[in-house]
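upload25.txt (compact mmCIF, C-alpha atoms and all ligand atoms)
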# COMPACT_ATOMS: atom_id res chain seq x y z
CA MET A 1197 -13.84 -12.07 -13.88
CA SER A 1198 -11.04 -14.62 -14.40
CA VAL A 1199 -8.41 -15.31 -11.73
CA THR A 1200 -4.71 -15.83 -12.36
CA LEU A 1201 -2.25 -17.21 -9.82
CA LEU A 1202 1.15 -15.54 -9.70
CA TYR A 1203 3.80 -17.46 -7.76
CA THR A 1204 6.69 -15.31 -6.49
CA GLY A 1205 8.37 -17.70 -4.00
CA GLY A 1206 8.32 -17.99 -0.20
CA THR A 1207 7.54 -20.81 2.20
CA ILE A 1208 4.39 -21.80 0.30
CA GLY A 1209 6.64 -22.93 -2.57
CA SER A 1210 9.72 -23.94 -0.60
CA ALA A 1211 11.36 -27.33 -0.19
CA GLY A 1212 14.54 -28.84 1.20
CA VAL A 1213 16.60 -28.42 4.37
CA PRO A 1214 17.06 -25.57 4.97
CA LEU A 1215 13.90 -24.48 3.14
CA ASP A 1216 14.44 -22.68 -0.14
CA THR A 1217 12.08 -21.28 -2.74
CA LEU A 1218 11.37 -23.57 -5.72
CA PRO A 1219 11.84 -22.13 -9.21
CA GLY A 1220 8.60 -21.43 -11.11
CA PRO A 1221 8.56 -24.48 -13.44
CA GLU A 1222 9.15 -26.94 -10.55
CA PHE A 1223 6.41 -25.32 -8.50
CA ALA A 1224 4.06 -25.42 -11.50
CA ALA A 1225 4.66 -29.15 -12.09
CA LEU A 1226 3.88 -29.97 -8.45
CA PHE A 1227 0.88 -27.64 -8.51
CA ASP A 1228 -0.61 -29.34 -11.58
CA ALA A 1229 0.02 -32.81 -10.15
CA HIS A 1230 -1.24 -32.26 -6.60
CA VAL A 1231 -3.24 -29.04 -6.17
CA ARG A 1232 -5.53 -28.50 -9.15
CA ALA A 1233 -7.85 -31.33 -8.23
CA HIS A 1234 -8.56 -29.60 -4.90
CA LEU A 1235 -9.55 -26.28 -6.49
CA PRO A 1236 -13.22 -25.34 -6.92
CA GLU A 1237 -14.53 -26.05 -10.41
CA ARG A 1238 -14.67 -22.36 -11.44
CA VAL A 1239 -10.91 -21.87 -10.90
CA ARG A 1240 -9.58 -25.38 -11.54
CA LYS A 1241 -8.06 -24.34 -14.84
CA ALA A 1242 -6.78 -20.96 -13.60
CA THR A 1243 -3.52 -19.93 -15.22
CA LEU A 1244 -0.47 -20.22 -12.96
CA LEU A 1245 2.34 -17.77 -13.74
CA HIS A 1246 5.58 -17.13 -11.90
CA THR A 1247 8.04 -14.30 -11.47
CA ASP A 1248 11.56 -14.78 -12.74
CA PRO A 1249 13.43 -15.26 -10.52
CA THR A 1250 11.24 -16.52 -7.71
CA LEU A 1251 12.45 -15.20 -4.36
CA ASP A 1252 12.23 -15.87 -0.69
CA SER A 1253 10.46 -12.64 0.27
CA THR A 1254 13.26 -11.81 2.72
CA SER A 1255 15.36 -10.93 -0.33
CA MET A 1256 12.77 -8.69 -2.01
CA GLN A 1257 13.65 -5.05 -2.60
CA PRO A 1258 11.57 -1.96 -3.47
CA LEU A 1259 12.24 -2.51 -7.17
CA ASP A 1260 10.67 -5.97 -6.86
CA TRP A 1261 7.42 -4.29 -5.71
CA LEU A 1262 7.46 -2.16 -8.82
CA ARG A 1263 8.12 -5.16 -11.12
CA LEU A 1264 5.37 -7.12 -9.40
CA ALA A 1265 2.90 -4.25 -9.76
CA ARG A 1266 3.71 -4.03 -13.48
CA ARG A 1267 3.24 -7.77 -13.89
CA ILE A 1268 -0.13 -7.65 -12.12
CA VAL A 1269 -1.37 -4.79 -14.28
CA GLU A 1270 -0.50 -6.74 -17.42
CA ILE A 1271 -2.63 -9.71 -16.32
CA ASP A 1272 -6.29 -9.66 -17.34
CA GLY A 1273 -8.70 -10.14 -14.43
CA ASP A 1274 -8.11 -10.73 -10.72
CA VAL A 1275 -4.77 -11.97 -9.38
CA VAL A 1276 -3.81 -14.16 -6.41
CA VAL A 1277 -0.15 -13.58 -5.53
CA LEU A 1278 1.65 -16.45 -3.78
CA HIS A 1279 4.34 -14.80 -1.67
CA GLY A 1280 6.65 -15.31 1.30
CA THR A 1281 5.34 -14.07 4.62
CA ASP A 1282 8.43 -12.19 5.85
CA THR A 1283 7.93 -9.10 3.69
CA MET A 1284 4.35 -9.77 2.62
CA ALA A 1285 3.08 -6.74 4.54
CA TRP A 1286 5.46 -4.46 2.59
CA THR A 1287 4.51 -5.96 -0.76
CA ALA A 1288 0.80 -5.74 0.05
CA ALA A 1289 1.18 -2.08 1.04
CA ALA A 1290 3.25 -1.41 -2.08
CA LEU A 1291 0.50 -2.86 -4.28
CA ALA A 1292 -2.11 -0.67 -2.56
CA PHE A 1293 0.00 2.43 -3.32
CA LEU A 1294 1.26 1.48 -6.78
CA LEU A 1295 -1.88 0.17 -8.46
CA GLN A 1296 -3.24 3.70 -8.69
CA THR A 1297 -2.29 6.94 -10.44
CA TYR A 1298 -1.30 10.34 -9.00
CA SER A 1299 -1.44 13.90 -10.30
CA ALA A 1300 1.55 16.25 -10.20
CA ALA A 1301 0.00 17.67 -7.01
CA GLY A 1302 -0.01 14.23 -5.37
CA GLU A 1303 -3.78 13.66 -5.56
CA VAL A 1304 -4.97 10.14 -6.37
CA THR A 1305 -6.51 10.29 -9.84
CA GLY A 1306 -7.51 6.68 -10.50
CA ARG A 1307 -7.31 3.11 -9.25
CA LEU A 1308 -7.09 -0.16 -11.10
CA GLN A 1309 -10.37 -2.05 -10.76
CA LYS A 1310 -9.12 -5.52 -10.10
CA ARG A 1311 -8.89 -7.59 -6.95
CA VAL A 1312 -5.35 -8.51 -5.96
CA VAL A 1313 -5.06 -11.00 -3.10
CA VAL A 1314 -1.66 -11.69 -1.58
CA THR A 1315 -1.23 -14.93 0.36
CA GLY A 1316 1.36 -17.47 1.48
CA SER A 1317 1.81 -19.91 4.33
CA GLN A 1318 3.73 -20.77 7.46
CA VAL A 1319 4.45 -24.32 6.19
CA PRO A 1320 5.21 -25.40 2.59
CA LEU A 1321 2.43 -26.60 0.28
CA PHE A 1322 4.39 -29.72 -0.70
CA ASP A 1323 6.58 -32.30 0.96
CA GLY A 1324 8.50 -35.05 -0.86
CA ALA A 1325 5.33 -37.12 -1.29
CA GLY A 1326 2.96 -34.45 -2.64
CA LEU A 1327 0.66 -32.16 -0.67
CA ALA A 1328 2.11 -31.62 2.79
CA GLU A 1329 -0.17 -32.86 5.57
CA GLY A 1330 -1.05 -30.39 8.29
CA SER A 1331 0.14 -27.39 6.28
CA ASP A 1332 -1.82 -24.14 6.20
CA ALA A 1333 -0.87 -23.61 2.55
CA LEU A 1334 -3.84 -25.20 0.75
CA GLY A 1335 -6.35 -23.55 3.09
CA ASN A 1336 -4.78 -20.13 2.55
CA LEU A 1337 -4.70 -20.65 -1.20
CA LEU A 1338 -8.39 -21.66 -1.30
CA GLY A 1339 -9.29 -18.72 0.94
CA ALA A 1340 -7.38 -16.32 -1.29
CA LEU A 1341 -9.15 -17.67 -4.39
CA ALA A 1342 -12.50 -17.14 -2.65
CA ALA A 1343 -11.44 -13.59 -1.69
CA ALA A 1344 -10.59 -12.90 -5.33
CA ARG A 1345 -14.29 -12.89 -6.21
CA GLY A 1346 -15.18 -9.29 -6.63
CA GLY A 1347 -14.30 -5.93 -5.21
CA GLY A 1348 -11.28 -3.93 -6.23
CA GLY A 1349 -7.92 -3.11 -4.72
CA ALA A 1350 -5.27 -5.09 -2.90
CA VAL A 1351 -5.88 -7.25 0.17
CA LEU A 1352 -3.93 -9.86 2.11
CA HIS A 1353 -5.60 -13.17 2.89
CA PHE A 1354 -4.27 -15.43 5.64
CA ALA A 1355 -5.72 -17.98 8.06
CA GLY A 1356 -9.30 -17.20 7.07
CA ASP A 1357 -8.98 -13.42 7.32
CA THR A 1358 -9.01 -10.94 4.47
CA LEU A 1359 -7.08 -7.88 5.64
CA ASP A 1360 -6.45 -4.38 4.26
CA ALA A 1361 -3.20 -4.30 2.30
CA ALA A 1362 -1.95 -1.02 3.80
CA ARG A 1363 -2.93 -1.81 7.44
CA VAL A 1364 -1.56 -5.29 7.95
CA MET A 1365 1.44 -6.52 9.95
CA LYS A 1366 3.11 -9.88 10.40
CA THR A 1367 2.57 -10.22 14.14
CA SER A 1368 3.53 -13.87 14.59
CA CYS A 1369 6.37 -15.78 12.98
CA THR A 1370 5.01 -19.12 14.20
CA ASN A 1371 1.21 -19.04 14.62
CA TRP A 1372 -1.16 -19.94 11.80
CA GLU A 1373 -2.68 -16.46 12.30
CA ALA A 1374 0.52 -14.71 11.23
CA PHE A 1375 -1.10 -11.44 10.12
CA THR A 1376 -3.31 -8.96 11.95
CA MET A 1377 -4.34 -5.34 11.71
CA PRO A 1378 -3.31 -4.09 15.19
CA ASN A 1379 -4.95 -0.71 14.54
CA GLY A 1380 -8.00 -2.01 12.70
CA PRO A 1381 -9.01 -1.55 9.08
CA GLY A 1382 -8.20 1.51 7.01
CA ALA A 1383 -10.53 4.21 5.75
CA ALA A 1384 -12.14 3.55 2.41
CA THR A 1385 -11.04 5.83 -0.38
CA GLU A 1386 -13.41 6.83 -3.17
CA VAL A 1387 -11.24 6.78 -6.27
CA PRO A 1388 -12.44 6.67 -9.88
CA ALA A 1389 -11.53 3.60 -11.91
CA THR A 1390 -8.63 3.90 -14.31
CA THR A 1391 -7.25 1.75 -17.12
CA ALA A 1392 -4.36 -0.71 -17.08
CA GLY A 1393 -2.66 1.54 -19.66
CA ASN A 1394 -2.76 4.53 -17.31
CA VAL A 1395 -1.34 2.57 -14.37
CA LEU A 1396 1.40 1.08 -16.57
CA SER A 1397 2.41 4.50 -17.78
CA SER A 1398 2.45 5.81 -14.19
CA LEU A 1399 4.67 2.87 -13.12
CA GLU A 1400 6.90 3.53 -16.10
CA LYS A 1401 7.40 7.16 -15.05
CA LEU A 1402 7.95 6.26 -11.39
CA GLY A 1403 10.39 3.52 -12.41
CA ALA A 1404 13.11 6.05 -13.19
CA PHE A 1405 13.15 7.17 -9.52
CA PHE A 1406 11.51 4.52 -7.34
CA GLY A 1407 13.76 2.63 -4.90
CA ARG A 1408 16.86 4.57 -5.93
CA SER A 1409 17.64 6.02 -2.53
CA ALA A 1410 17.70 4.61 0.98
CA VAL A 1411 14.68 4.82 3.25
CA ILE A 1412 16.08 3.95 6.65
CA PRO A 1413 13.98 2.74 9.60
CA LEU A 1414 15.69 3.50 12.93
CA LEU A 1415 14.55 1.87 16.14
CA ALA A 1416 14.84 3.89 19.36
CA ALA A 1417 16.38 2.04 22.31
CA PRO A 1418 18.28 3.15 25.37
CA GLY A 1419 21.87 3.59 24.16
CA ALA A 1420 20.94 3.53 20.45
CA ALA A 1421 22.80 6.83 19.84
CA LEU A 1422 20.34 7.93 17.14
CA GLY A 1423 22.16 11.24 16.61
CA LYS A 1424 25.40 9.42 15.75
CA GLN A 1425 23.56 6.94 13.54
CA LEU A 1426 21.82 9.72 11.60
CA ALA A 1427 25.03 11.72 11.17
CA ALA A 1428 26.79 8.61 9.82
CA LEU A 1429 23.90 7.86 7.44
CA ALA A 1430 23.82 11.42 6.15
CA SER A 1431 27.49 11.28 5.22
CA ALA A 1432 27.58 7.71 3.87
CA GLU A 1433 28.78 7.32 0.28
CA GLY A 1434 27.34 5.09 -2.42
CA TYR A 1435 23.62 4.87 -1.57
CA PRO A 1436 22.04 8.29 -1.14
CA LEU A 1437 19.93 8.81 1.94
CA GLY A 1438 16.37 9.50 0.77
CA ALA A 1439 14.32 9.50 3.97
CA VAL A 1440 14.35 8.36 7.60
CA HIS A 1441 11.60 6.58 9.53
CA LEU A 1442 12.12 6.87 13.28
CA LEU A 1443 10.38 4.20 15.38
CA GLY A 1444 10.12 6.05 18.65
CA PHE A 1445 9.07 5.02 22.13
CA GLY A 1446 5.42 5.02 23.22
CA ILE A 1447 3.32 7.72 21.59
CA GLY A 1448 6.23 9.06 19.54
CA ASN A 1449 8.94 10.03 22.02
CA LEU A 1450 12.70 10.38 21.62
CA PRO A 1451 15.24 11.89 24.02
CA GLU A 1452 16.13 15.47 23.13
CA GLU A 1453 19.90 15.28 22.74
CA LEU A 1454 22.25 17.78 21.16
CA GLU A 1455 23.61 15.31 18.58
CA LEU A 1456 20.14 14.16 17.54
CA THR A 1457 18.82 17.71 17.24
CA ALA A 1458 21.81 18.71 15.10
CA ALA A 1459 21.43 15.65 12.86
CA LEU A 1460 17.69 16.27 12.37
CA GLN A 1461 18.29 19.92 11.56
CA HIS A 1462 20.95 18.95 9.05
CA LEU A 1463 18.59 16.47 7.34
CA ARG A 1464 15.89 19.14 7.17
CA SER A 1465 18.32 21.56 5.51
CA GLN A 1466 18.99 18.82 2.91
CA GLN A 1467 15.22 18.34 2.32
CA ILE A 1468 15.47 14.73 3.51
CA PRO A 1469 12.08 13.80 5.01
CA VAL A 1470 12.13 12.41 8.55
CA VAL A 1471 8.97 10.83 9.97
CA ILE A 1472 8.18 9.22 13.30
CA SER A 1473 5.87 6.45 14.38
CA THR A 1474 6.01 4.07 17.32
CA GLN A 1475 7.65 0.74 17.91
CA CYS A 1476 4.47 -0.36 19.76
CA PRO A 1477 2.46 -2.57 17.41
CA HIS A 1478 -0.79 -0.97 18.58
CA GLY A 1479 -1.84 2.64 19.08
CA ARG A 1480 -1.77 6.05 17.44
CA ILE A 1481 1.06 8.43 18.24
CA ALA A 1482 0.64 11.92 19.69
CA PRO A 1483 4.20 13.25 20.02
CA GLN A 1484 3.05 16.64 21.30
CA THR A 1485 1.85 15.00 24.55
CA TYR A 1486 5.23 14.92 26.33
CA ALA A 1487 8.15 17.32 26.28
CA VAL A 1488 10.27 14.36 25.06
CA GLY A 1489 8.13 14.17 21.91
CA ASP A 1490 6.95 17.73 21.41
CA TRP A 1491 10.42 19.00 20.44
CA LEU A 1492 10.50 16.83 17.31
CA SER A 1493 8.08 18.93 15.27
CA GLY A 1494 10.45 21.90 15.71
CA CYS A 1495 13.04 19.85 13.79
CA GLY A 1496 10.54 19.13 11.00
CA VAL A 1497 9.81 15.54 12.04
CA LEU A 1498 6.38 14.45 10.84
CA GLY A 1499 4.13 12.13 12.90
CA MET A 1500 2.68 9.10 11.10
CA GLY A 1501 -0.39 8.47 13.29
CA ASP A 1502 -1.14 4.77 13.57
CA ARG A 1503 0.19 3.66 10.20
CA THR A 1504 2.07 0.37 10.01
CA PRO A 1505 5.86 0.45 9.60
CA ALA A 1506 5.41 -1.19 6.19
CA ALA A 1507 2.91 1.41 4.95
CA VAL A 1508 5.21 4.21 6.16
CA GLN A 1509 8.24 2.69 4.46
CA VAL A 1510 6.44 2.17 1.14
CA LYS A 1511 4.88 5.63 1.21
CA LEU A 1512 8.28 7.24 1.80
CA HIS A 1513 9.61 5.46 -1.29
CA LEU A 1514 6.62 6.64 -3.29
CA THR A 1515 6.98 10.19 -1.95
CA LEU A 1516 10.62 10.33 -3.03
CA ALA A 1517 9.79 9.02 -6.50
CA LEU A 1518 6.87 11.43 -7.05
CA SER A 1519 8.94 14.24 -5.65
CA ALA A 1520 11.78 13.55 -8.11
CA LEU A 1521 9.28 13.14 -10.97
CA TYR A 1522 7.37 16.36 -10.30
CA GLY A 1523 10.09 18.49 -8.71
CA TRP A 1524 8.41 18.77 -5.31
CA GLY A 1525 9.90 20.80 -2.48
CA GLU A 1526 9.54 20.22 1.27
CA GLN A 1527 5.95 21.49 1.45
CA GLU A 1528 4.63 19.21 -1.30
CA MET A 1529 6.43 16.21 0.19
CA ARG A 1530 4.99 16.91 3.64
CA ALA A 1531 1.48 17.40 2.24
CA PHE A 1532 1.65 14.10 0.37
CA LEU A 1533 3.00 12.23 3.39
CA LEU A 1534 0.11 13.50 5.51
CA ARG A 1535 -2.60 12.84 2.92
CA HIS A 1536 -4.60 9.61 3.03
CA VAL A 1537 -4.13 7.96 -0.36
CA ALA A 1538 -4.23 4.16 -0.23
CA GLY A 1539 -6.13 2.98 2.86
CA GLU A 1540 -3.13 3.58 5.16
CA ASP A 1541 -5.09 5.72 7.66
CA PRO A 1542 -8.00 4.73 9.93
CA PRO A 1543 -11.62 5.77 9.35
CA SER A 1544 -11.14 8.39 12.11
CA GLY A 1545 -8.95 10.35 9.72
CA PRO A 1546 -5.44 10.96 8.47
CA VAL A 1547 -2.45 11.57 10.71
CA ALA A 1548 -2.39 14.75 12.78
N1 LIG A 1601 11.37 -16.63 4.54
C1 LIG A 1601 10.06 -16.96 4.02
C2 LIG A 1601 9.67 -15.86 3.04
O1 LIG A 1601 9.33 -14.80 3.49
C3 LIG A 1601 9.08 -17.08 5.12
C4 LIG A 1601 7.66 -17.40 4.69
O2 LIG A 1601 7.27 -17.38 3.56
O3 LIG A 1601 6.86 -17.73 5.61
O4 LIG A 1601 9.75 -16.03 1.85
Here is a file; write its structure as structure tokens.
Amino acid sequence: MSVTLLYTGGTIGSAGVPLDTLPGPEFAALFDAHVRAHLPERVRKATLLHTDPTLDSTSMQPLDWLRLARRIVEIDGDVVVLHGTDTMAWTAAALAFLLQTYSAAGEVTGRLQKRVVVTGSQVPLFDGAGLAEGSDALGNLLGALAAARGGGGAVLHFAGDTLDAARVMKTSCTNWEAFTMPNGPGAATEVPATTAGNVLSSLEKLGAFFGRSAVIPLLAAPGAALGKQLAALASAEGYPLGAVHLLGFGIGNLPEELELTAALQHLRSQQIPVVISTQCPHGRIAPQTYAVGDWLSGCGVLGMGDRTPAAVQVKLHLTLALSALYGWGEQEMRAFLLRHVAGEDPPSGPVA
């Protein structure tokens, strides 16, 4: 199968002080002049495309995931995506969820059979004189091209590791090994192959609803006044509140306070999904363990097991879009959120 490179921006293609993403044509000129000769023979002539605009990944939004997914589907063969590291875990998770199709009941019906490898670097590929010395960029690019040989689905390649797209986190902003899977790999999902046409039409239908409402992550901390924050969010004008992702303490704990209980009950009455995971990078939550966590299920808050914050965020966006598309109520949304659909859960099983 052929491989295409798709440059989206990020450190790998950044230059200047402070660093900023190069536009596609400038990156392509430097790539042809300095990188091609280092590529293995079989991919030396690989097509290099770019998104328009290219973006530092910090500025990417949910609609950018959808555009990127569409672009990838339209490309024949495997794709290596050159991307910034800041939101790479979200984009990788989004590709795992979006490059497949869903029935009106929220079952996965098919997956695109192409390898998509997302990569980037901690240091730019180029400096003023050509290839930057001591950068991790060329090594990551070569590793990603090697990982694009076979298999299907989305993965993230970095510092020699090929990691599951829906289980990966950026766990260092300075080390070469920027990405890890703190909770290990995800469970494999047996999904029949589907065509590019089917995935494009699914993305087209989702496009009317995806990323249109806010999915808000809220970090618990002493004094964070989560009840007040939620009440303010629920009444904010201009950007409708779609869903809330609580990042609780430990195994999924939050203090039971009157204001928080009232806010959660209000959100439930509005059919706004609220889920909880932990702010600890490692471990699976079990909110029923302590009284300070057990009360949450009574307010309709759903535990997210050991999923990454990125996978939870992306899945909430997808849930809202499918729900708007198929007219789901609370039960269908909850069932979809709990189901394992894109490698987001561990082999030991979906969230409890
Ligand atoms: N801010 C950059 C980005 O995410 C950081 C990086 O690529 O490492 O695009």
field: Within 6 Å of A:Pro1320 using all atoms listed in the file, minus same-chain residues under 5 positions, as a ChimeraX atom specification
entry: /A:1207-1210
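With a cut-off of 8 Å and using all atoms listed in the file, the polymer residues contacting ligand LIG 1601 (chain A) are Gly1205, Gly1206, Thr1207, Ile1208, Thr1217, Leu1251, Asp1252, Ser1253, Thr1254, Ser1255, His1279, Gly1280, Thr1281, Asp1282, Thr1283, Met1284, Gly1316, Ser1317, Gln1318, Val1319 and Cys1369 of chain A.
With all atoms listed in the file as the basis for measurement, A:Ala1229 is the residue among A:Ala1265, A:Ala1229, A:Leu1359, A:Leu1308 that approaches A:Phe1322 most closely.
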field: A:Gly1273 environment, 6 Å, all atoms listed in the file, sequence neighbours closer than 6 positions dropped, as an MDAnalysis selection string
entry: chainID A and resid 1197:1199
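For the choices A:Ala1289, A:Leu1498, A:Val1304, A:Leu1415, the atom-to-atom distance to A:Ala1389 is smallest for A:Val1304 when using all atoms listed in the file.
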field: A:Leu1442 surroundings by all atoms listed in the file, 6 Å radius, close-in-sequence under 2 positions cut, as a VMD selection string
entry: chain A and resid 1413 to 1414 1444 1472
task: Identify, on the basis of all atoms listed in the file, every residue whose closest approach to stretch 1418-1421 of chain A does not exceed 10 Å; exclude the query and any residue fewer than 6 positions from it along the same chain; express the result as a ChimeraX atom specification.
output: /A:1445,1450-1451,1453,1455-1456
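Using only C-alpha atoms for every distance, the candidate list A:Val1312, A:Leu1514, A:Ile1447, A:Leu1454 yields A:Ile1447 as the residue closest to A:Ala1482.
The two atoms in question, atom CA of A:Ala1383 and atom CA of A:Val1351, are spaced 13.6 Å apart.
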- line: From atom CA of A:Gly1438 to atom CA of A:Trp1524 the spacing works out at 13.6 Å
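Picture a line from atom CA of A:Thr1391 to atom CA of A:Thr1204; it runs 24.5 Å.
Ranking A:Ser1398, A:Ser1493, A:Thr1315, A:Gln1309 by their shortest atom-to-atom distance to A:Asn1336, with only C-alpha atoms included, puts A:Thr1315 first.
Of the residues listed (A:Thr1385, A:Gln1484, A:Ser1519, A:Gln1467), A:Ser1519 shows the shortest atom-to-atom separation from A:Ser1299; distances use all atoms listed in the file.
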field: Residue neighbourhood A:Glu1373, 10 Å, only C-alpha atoms, exclusion window fewer than 5 positions, as a VMD selection string
entry: chain A and resid 1317 to 1318 1332 1354 to 1357 1366 to 1368
- request: Return the single residue from A:Gln1475, A:Thr1200, A:Thr1247, A:Thr1297 that is closest to A:Leu1402, with distances computed using only C-alpha atoms.
  value: A:Thr1297
